[in-house]
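Heads up: the structure comes next, in structure tokens.
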Amino acid sequence: MKENSWIDPFYLKDHLKEDELAIQKNISEFCKKELLPNVIKDNRNHSFDKNIYKSFGSMGILGPTIKDYGGAGANYVSYGLIAYEIEKIDSAYRSSISVQSSLVIHPIYKFGSEEQKKEYLPDLISGKKIGCFGLTESEAGSDPASMKTFFEETKNEFIINGSKNWITNAPIANLFIIWALNDKKEIRGFLIDEKTKGLNTSYIENKTSLKISPTGLITLNNVRVPKNKILPNTEGWKSVFSCLNKARYGISWGVMGAAFESWLISKNYTENRIMFKKPLAANQLIQKKLADMQTEINIALCACLFTGRAMDKNKNVINAISILKRNNCKKAINIIRDARDMLGANGLLEENHIIRHLVNLETVKTYEGAEDIHALILGKNQTGIATF
Ligand code: TGC
Ligand code: FAD
């Protein structure tokens with residue numbers, strides 16, 4: 001009899017190359033050994049061990065698509081698979097690699113001077129230094145162009161004033177990429193060292209989602225930045241958004257990792273839980289939920305793979321990325337909510353993982369363009385009419 005391919009019905013693995021499969025296997029083993037054992041305790045305590053970055057660095061998963069400065073030179077499909085495996089454990093760890101890779105290493109690699117690349121990239125890729133990306137402000141979330149952080153240029157330096165809020169890694173970062181406007185409302189990015197006078201951070205203590213990930217507020221009070229610390233090669237907002245594209249792509253794979261774990265946990269639970277004198281999985285309503293999970297996860301993964309292959313051919317994938325970020329977050333949160341429900345009261349226990357994934361997904365659907373923002377981006381690209 002032919003194998004029953006319920007777990008991988010489209011034979012996605014047959015479409016992965018040997019090196020991609022090897023990367024996925026290595027990361028999966030690393031996650032089970034290094035991340036899984038502490039995830040429940042760390043989530044309960046809002047605790048993040050900064051040394052994890054060095055482990056990520058030694059696995060080659062920080063800036064994995066960069067070929068030089070110590071980067072592994074992997075392709076975008078591999079980057080997606082890394083995000084997928086890591087988010088099976090917790091979205092916070094995937095956030096750690098997304099921010100460092102797509103929002104810190106990528107802009108320096110793409111828009112930095114050679115001097116900046118040599119100074120920062122080796123340490124960021126090895127995990128010796130941690131970066132953050134400051135775009136959002138308290139009054140400028142979905143619409144970052146309305147930011148109130150401004151820079152002025154003097155003869156010898158730039159002076160930046162303003163604040164950034166909800167910034168991943170801000171409380172632990174060594175390097176801050178801060179986006180600011182000048183009086184002509186032109187956007188520029190600056191590389192600011194953690195010890196710079198006038199730069200202060202605080203930790204958002206009462207965050208109920210993505211609890212392992214340190215998130216913070218940044219204030220910039222007459223921060224003086226030398227002339228050689230501006231990213232010299234940016235071209236307005238499209239450069240900022242090009243960083244978000246990479247992060248959104250990783251998120252789209254990642255959320256399916258959280259959904260996949262929740263699917264398997266709920267499948268295993270309902271096969272073994274006896275209620276009304278038979279396994280829960282012997283009920284049609286339960287099997288329908290399992291079929292819905294299988295359907296959405298596997299279709300989403302195929303779309304992720306298609307998009308990764310297109311990125312590896314350097315195609316314009318901005319529409320694909322908005323479709324994926326929007327669809328996969330929405331589908332993943334629904335799958336995880338159903339999985340939680342299928343465990344009944346036990347679904348509320350931290351040792352069963354699902355409730356943590358569910359609460360994390362509330363963050364993931366919000367950051368990097370909330371669901372409706374991606375609908376508006378897709379609507380604009382279809383019709384040519386901007387609603388924002
Ligand atoms: P708009 O007029 O649409 O565009 C301005 C220029 O940018 C170009 N562009 C893009 N380029 C590359 N990739 C994209 N995805 C692009 N989208 C737009 C566009 O062609 C134009 O270029 P040009 O040459 O004509 O000037 O700009 P807008 O200001 O009207 O933007 C509207 C909108 C809604 C699309 C944008 O503001 C948006 O995406 N808002 C969502 C904000 C967001 O996603 N923030 C993320 C913050 S970082 C974060 O959350 C990190 S979480 C990290 C983690 O832990 O994983
Ligand atoms: P708002 O913009 O106020 O939106 C609120 C709601 O209104 C959303 O549902 C949105 O879809 C909807 N909405 C907004 N405008 C419209 C419209 N025109 N039509 C219809 N509906 C609309 N930012 C960074 O720069 N760097 C980071 O590292 C970072 N990390 C983060 C980590 C966490 C844990 C979180 C929660 C956020 C992080 N963010 C970061 C910020 C994140 O990008 C913003 O929260 C996000 O862009 C949404 O902005 P907002 O929270 O201000 O919501």
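We label chains A, B, ... in the order they appear in the structure tokens, count residues from 1 in each chain, and number ligands from 1 in the order shown.
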Based on the backbone DSSP call, show me all residues of region 192-303 of chain A assigned strand (DSSP E or B), as a ChimeraX atom specification. /A:192-193,199-203,215-226,230,274-275,278-279
Could the residues in this selection be saved with N, CA and C atoms as a PDB file, in the first residue's frame?
```
ATOM      1  N   ILE A 192      22.711  53.857  15.766  1.00  0.00           N
ATOM      2  CA  ILE A 192      23.026  54.528  17.034  1.00  0.00           C
ATOM      3  C   ILE A 192      23.466  53.491  18.060  1.00  0.00           C
ATOM      4  N   ASP A 193      24.596  53.772  18.675  1.00  0.00           N
ATOM      5  CA  ASP A 193      25.158  52.864  19.681  1.00  0.00           C
ATOM      6  C   ASP A 193      24.367  52.974  20.984  1.00  0.00           C
ATOM      7  N   LEU A 199      19.992  58.816  24.496  1.00  0.00           N
ATOM      8  CA  LEU A 199      19.196  57.650  24.073  1.00  0.00           C
ATOM      9  C   LEU A 199      18.848  56.836  25.312  1.00  0.00           C
ATOM     10  N   ASN A 200      17.562  56.655  25.552  1.00  0.00           N
ATOM     11  CA  ASN A 200      17.140  55.878  26.735  1.00  0.00           C
ATOM     12  C   ASN A 200      16.060  54.880  26.340  1.00  0.00           C
ATOM     13  N   THR A 201      16.052  53.759  27.086  1.00  0.00           N
ATOM     14  CA  THR A 201      15.017  52.756  26.792  1.00  0.00           C
ATOM     15  C   THR A 201      14.342  52.314  28.088  1.00  0.00           C
ATOM     16  N   SER A 202      13.117  51.870  27.957  1.00  0.00           N
ATOM     17  CA  SER A 202      12.463  51.208  29.090  1.00  0.00           C
ATOM     18  C   SER A 202      11.707  49.998  28.564  1.00  0.00           C
ATOM     19  N   TYR A 203      11.436  49.076  29.472  1.00  0.00           N
ATOM     20  CA  TYR A 203      10.877  47.772  29.130  1.00  0.00           C
ATOM     21  C   TYR A 203       9.354  47.844  29.301  1.00  0.00           C
ATOM     22  N   THR A 215      10.337  43.887  24.734  1.00  0.00           N
ATOM     23  CA  THR A 215       9.814  44.979  23.899  1.00  0.00           C
ATOM     24  C   THR A 215       9.934  46.273  24.684  1.00  0.00           C
ATOM     25  N   GLY A 216      10.261  47.376  24.013  1.00  0.00           N
ATOM     26  CA  GLY A 216      10.481  48.591  24.794  1.00  0.00           C
ATOM     27  C   GLY A 216      10.153  49.892  24.102  1.00  0.00           C
ATOM     28  N   LEU A 217      10.259  50.917  24.928  1.00  0.00           N
ATOM     29  CA  LEU A 217      10.094  52.306  24.487  1.00  0.00           C
ATOM     30  C   LEU A 217      11.498  52.904  24.366  1.00  0.00           C
ATOM     31  N   ILE A 218      11.698  53.726  23.347  1.00  0.00           N
ATOM     32  CA  ILE A 218      12.993  54.403  23.166  1.00  0.00           C
ATOM     33  C   ILE A 218      12.725  55.903  23.166  1.00  0.00           C
ATOM     34  N   THR A 219      13.488  56.650  23.946  1.00  0.00           N
ATOM     35  CA  THR A 219      13.382  58.105  23.820  1.00  0.00           C
ATOM     36  C   THR A 219      14.716  58.654  23.309  1.00  0.00           C
ATOM     37  N   LEU A 220      14.593  59.674  22.482  1.00  0.00           N
ATOM     38  CA  LEU A 220      15.801  60.279  21.884  1.00  0.00           C
ATOM     39  C   LEU A 220      15.748  61.773  22.175  1.00  0.00           C
ATOM     40  N   ASN A 221      16.656  62.185  23.045  1.00  0.00           N
ATOM     41  CA  ASN A 221      16.642  63.565  23.487  1.00  0.00           C
ATOM     42  C   ASN A 221      17.945  64.237  23.069  1.00  0.00           C
ATOM     43  N   ASN A 222      17.890  65.023  22.000  1.00  0.00           N
ATOM     44  CA  ASN A 222      19.109  65.646  21.452  1.00  0.00           C
ATOM     45  C   ASN A 222      20.231  64.636  21.259  1.00  0.00           C
ATOM     46  N   VAL A 223      19.895  63.525  20.652  1.00  0.00           N
ATOM     47  CA  VAL A 223      20.906  62.482  20.411  1.00  0.00           C
ATOM     48  C   VAL A 223      21.796  62.923  19.241  1.00  0.00           C
ATOM     49  N   ARG A 224      23.104  62.978  19.510  1.00  0.00           N
ATOM     50  CA  ARG A 224      24.065  63.437  18.486  1.00  0.00           C
ATOM     51  C   ARG A 224      24.671  62.237  17.779  1.00  0.00           C
ATOM     52  N   VAL A 225      24.487  62.219  16.483  1.00  0.00           N
ATOM     53  CA  VAL A 225      24.941  61.060  15.695  1.00  0.00           C
ATOM     54  C   VAL A 225      25.980  61.546  14.681  1.00  0.00           C
ATOM     55  N   PRO A 226      27.180  60.936  14.697  1.00  0.00           N
ATOM     56  CA  PRO A 226      28.206  61.351  13.717  1.00  0.00           C
ATOM     57  C   PRO A 226      27.728  61.169  12.284  1.00  0.00           C
ATOM     58  N   ILE A 230      24.758  57.657   9.365  1.00  0.00           N
ATOM     59  CA  ILE A 230      23.499  57.635   8.618  1.00  0.00           C
ATOM     60  C   ILE A 230      23.629  56.501   7.578  1.00  0.00           C
ATOM     61  N   ILE A 274     -11.003  10.109  25.967  1.00  0.00           N
ATOM     62  CA  ILE A 274     -12.282   9.402  25.872  1.00  0.00           C
ATOM     63  C   ILE A 274     -13.375  10.275  26.486  1.00  0.00           C
ATOM     64  N   MET A 275     -14.380  10.541  25.708  1.00  0.00           N
ATOM     65  CA  MET A 275     -15.544  11.300  26.201  1.00  0.00           C
ATOM     66  C   MET A 275     -16.774  10.701  25.515  1.00  0.00           C
ATOM     67  N   LYS A 278     -16.036   7.170  23.848  1.00  0.00           N
ATOM     68  CA  LYS A 278     -15.205   6.935  22.647  1.00  0.00           C
ATOM     69  C   LYS A 278     -14.202   8.102  22.506  1.00  0.00           C
ATOM     70  N   PRO A 279     -13.153   7.891  21.721  1.00  0.00           N
ATOM     71  CA  PRO A 279     -12.195   8.996  21.570  1.00  0.00           C
ATOM     72  C   PRO A 279     -12.878  10.243  20.991  1.00  0.00           C
TER      73      PRO A 279
END
```
Report the residues of region 231-384 of chain A whose backbone DSSP state falls under helix (DSSP H, G or I), written as an MDAnalysis selection string. chainID A and resid 237:272 280:282 284:312 318:342 344:348 350:352 354:366 371:383
Using only C-alpha atoms and all ligand atoms, find each residue of chain A with at least one atom at most 6 Å away from an atom of ligand 1; report its shortest atom-to-atom pair and that distance in Å (one decimal), sort the rows by chain and rising residue number, and return the result as a Markdown table.
```
| residue | atom | partner | partner_atom_place_in_ligand_line | distance |
| --- | --- | --- | --- | --- |
| A:Ser95 | CA | ligand 1 | 56 (O) | 4.0 |
| A:Ser98 | CA | ligand 1 | 56 (O) | 5.1 |
| A:Val99 | CA | ligand 1 | 53 (C) | 5.3 |
| A:Leu135 | CA | ligand 1 | 47 (C) | 5.7 |
| A:Thr136 | CA | ligand 1 | 47 (C) | 5.5 |
| A:Gly141 | CA | ligand 1 | 42 (C) | 6.0 |
| A:Ser142 | CA | ligand 1 | 42 (C) | 4.2 |
| A:Asp143 | CA | ligand 1 | 37 (O) | 4.5 |
| A:Pro144 | CA | ligand 1 | 37 (O) | 5.4 |
| A:Ala145 | CA | ligand 1 | 29 (O) | 5.3 |
| A:Thr168 | CA | ligand 1 | 55 (O) | 5.3 |
| A:Trp237 | CA | ligand 1 | 7 (O) | 4.7 |
| A:Lys238 | CA | ligand 1 | 7 (O) | 3.6 |
| A:Phe241 | CA | ligand 1 | 13 (N) | 4.5 |
| A:Ser242 | CA | ligand 1 | 13 (N) | 4.5 |
| A:Asn245 | CA | ligand 1 | 15 (N) | 5.5 |
| A:Ile318 | CA | ligand 1 | 15 (N) | 5.2 |
| A:Tyr367 | CA | ligand 1 | 50 (O) | 4.1 |
| A:Glu368 | CA | ligand 1 | 44 (O) | 3.5 |
| A:Gly369 | CA | ligand 1 | 44 (O) | 3.5 |
| A:Ile373 | CA | ligand 1 | 34 (C) | 5.7 |
| A:Ile377 | CA | ligand 1 | 35 (C) | 5.6 |
```
Within 12 Å of Asn272 (chain A), counting only C-alpha atoms, which residues qualify if same-chain residues fewer than 4 places away don't, as a PyMOL selection string? chain A and resi 265-268+277-282+342-343
Computed interatomic separation between atom 15 (N, counted along the ligand's line) of ligand 2 and CA of Thr387 (chain A) (Å):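 Rounded to one decimal, the two atoms are 9.8 Å apart.
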Using only C-alpha atoms and all ligand atoms, find the one residue out of A:Asn352, A:Ser163, A:Asn328, A:Asn381 that sits nearest to ligand 2.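 Closest residue, counting only C-alpha atoms and all ligand atoms: A:Ser163.
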Counting only C-alpha atoms and all ligand atoms, figure out which residue out of A:Arg356, A:Lys33, A:Lys128, A:Arg326 gets nearest to ligand 2. A:Arg326
In Å, with one decimal, what is the gap from atom 38 (C, counted along the ligand's line) of ligand 2 to CA of Trp166 (chain A)?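 If I compute the distance from atom 38 (C, counted along the ligand's line) of ligand 2 to CA of Trp166 (chain A), I get 4.6 Å.
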So that I can check the surroundings of Glu235 (chain A), please list as a PyMOL selection string every protein, DNA and RNA residue that reaches within 9 Å of it, counting only C-alpha atoms and ignoring chain neighbours fewer than 3 positions away. chain A and resi 111+187-188+238-240
In Å, with one decimal, what is the gap from CA of Lys365 (chain A) to atom 15 (N, counted along the ligand's line) of ligand 2?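 Atom 15 (N, counted along the ligand's line) of ligand 2 lies at a distance of 13.7 Å from CA of Lys365 (chain A).
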Neighbour list for Ser146 (chain A) as a PyMOL selection string, cut-off 10 Å, only C-alpha atoms, skip fewer than 6 positions in-chain: chain A and resi 136-137+139-140+181+185
From the list A:Gly250, A:Gly379, A:Gly189, A:Pro64, which residue is nearest Leu324 (chain A) when using only C-alpha atoms?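 Using only C-alpha atoms, Leu324 (chain A) sits closest to A:Gly250.
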Given only C-alpha atoms as the counted atoms, nearest of A:Lys289, A:Lys32, A:His106, A:His374 to Leu264 (chain A): A:Lys289
Within 12 Å of Cys302 (chain A), counting only C-alpha atoms, which residues qualify if same-chain residues fewer than 2 places away don't, as a PyMOL selection string? chain A and resi 8-16+77+80-81+252-253+256+295-300+304-309+324+328
Can you pull out every residue within 8 Å of Leu175 (chain A), counting only C-alpha atoms, but drop anything in the same chain fewer than 2 positions away, and send it as number ranges by chain? A: 129-132, 173, 177, 191-194
Hey, can you spit out that residue selection with all heavy atoms as a CSV table (one decimal), in the first residue's frame?
```csv
chain,number,residue,atom,x,y,z
A,129,LYS,N,26.5,40.9,18.9
A,129,LYS,CA,25.7,42.2,19.1
A,129,LYS,C,24.3,42.0,18.7
A,129,LYS,O,23.9,41.2,17.8
A,129,LYS,CB,26.3,43.3,18.3
A,129,LYS,CG,27.5,43.9,18.9
A,129,LYS,CD,27.7,45.3,18.4
A,129,LYS,CE,28.8,46.0,19.4
A,129,LYS,NZ,29.8,46.7,18.6
A,130,ILE,N,23.4,42.7,19.5
A,130,ILE,CA,21.9,42.6,19.2
A,130,ILE,C,21.4,43.9,18.7
A,130,ILE,O,21.8,45.0,19.2
A,130,ILE,CB,21.2,42.2,20.5
A,130,ILE,CG1,21.7,40.8,21.1
A,130,ILE,CG2,19.7,42.1,20.4
A,130,ILE,CD1,21.2,40.4,22.4
A,131,GLY,N,20.6,43.8,17.7
A,131,GLY,CA,20.1,45.1,17.1
A,131,GLY,C,18.5,45.2,17.3
A,131,GLY,O,17.8,44.3,17.7
A,132,CYS,N,18.1,46.4,17.1
A,132,CYS,CA,16.6,46.7,17.0
A,132,CYS,C,16.3,47.7,15.9
A,132,CYS,O,17.2,48.3,15.4
A,132,CYS,CB,16.1,47.1,18.4
A,132,CYS,SG,16.5,48.8,18.9
A,173,ALA,N,19.2,45.9,23.3
A,173,ALA,CA,20.0,46.1,22.0
A,173,ALA,C,21.3,46.9,22.3
A,173,ALA,O,21.4,47.7,23.1
A,173,ALA,CB,19.1,46.9,21.0
A,177,ILE,N,18.7,50.9,15.1
A,177,ILE,CA,18.4,51.5,13.8
A,177,ILE,C,17.2,52.4,14.0
A,177,ILE,O,16.1,51.9,14.3
A,177,ILE,CB,18.2,50.5,12.7
A,177,ILE,CG1,19.5,49.7,12.5
A,177,ILE,CG2,17.7,51.2,11.4
A,177,ILE,CD1,19.5,48.9,11.2
A,191,LEU,N,22.3,54.7,12.5
A,191,LEU,CA,22.9,53.6,13.4
A,191,LEU,C,23.3,54.2,14.7
A,191,LEU,O,24.3,55.0,14.7
A,191,LEU,CB,24.0,52.9,12.6
A,191,LEU,CG,23.7,52.4,11.3
A,191,LEU,CD1,24.9,51.9,10.5
A,191,LEU,CD2,22.7,51.2,11.4
A,192,ILE,N,22.7,53.9,15.8
A,192,ILE,CA,23.0,54.5,17.0
A,192,ILE,C,23.5,53.5,18.1
A,192,ILE,O,22.8,52.5,18.3
A,192,ILE,CB,21.8,55.3,17.5
A,192,ILE,CG1,21.3,56.2,16.4
A,192,ILE,CG2,22.1,56.1,18.8
A,192,ILE,CD1,20.1,57.1,16.8
A,193,ASP,N,24.6,53.8,18.7
A,193,ASP,CA,25.2,52.9,19.7
A,193,ASP,C,24.4,53.0,21.0
A,193,ASP,O,23.9,54.1,21.4
A,193,ASP,CB,26.6,53.3,19.9
A,193,ASP,CG,27.3,52.3,20.8
A,193,ASP,OD1,27.9,51.4,20.4
A,193,ASP,OD2,27.3,52.6,22.1
A,194,GLU,N,24.2,51.9,21.7
A,194,GLU,CA,23.4,51.8,22.9
A,194,GLU,C,23.9,52.9,24.0
A,194,GLU,O,23.1,53.3,24.8
A,194,GLU,CB,23.5,50.4,23.6
A,194,GLU,CG,24.9,50.0,24.0
A,194,GLU,CD,25.0,48.7,24.7
A,194,GLU,OE1,24.2,48.4,25.5
A,194,GLU,OE2,25.9,47.9,24.3
```
Residue nearest Ala92 (chain A) - candidates A:Lys313, A:Lys195, A:Lys380, A:His46, atoms counted: only C-alpha atoms: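 Closest to Ala92 (chain A), using only C-alpha atoms: A:His46.
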With distances taken over only C-alpha atoms, which residue among A:Phe158, A:Trp263, A:Tyr109, A:Phe388 lies nearest His357 (chain A)?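 Answer, going by the shortest atom-to-atom distance: A:Trp263.
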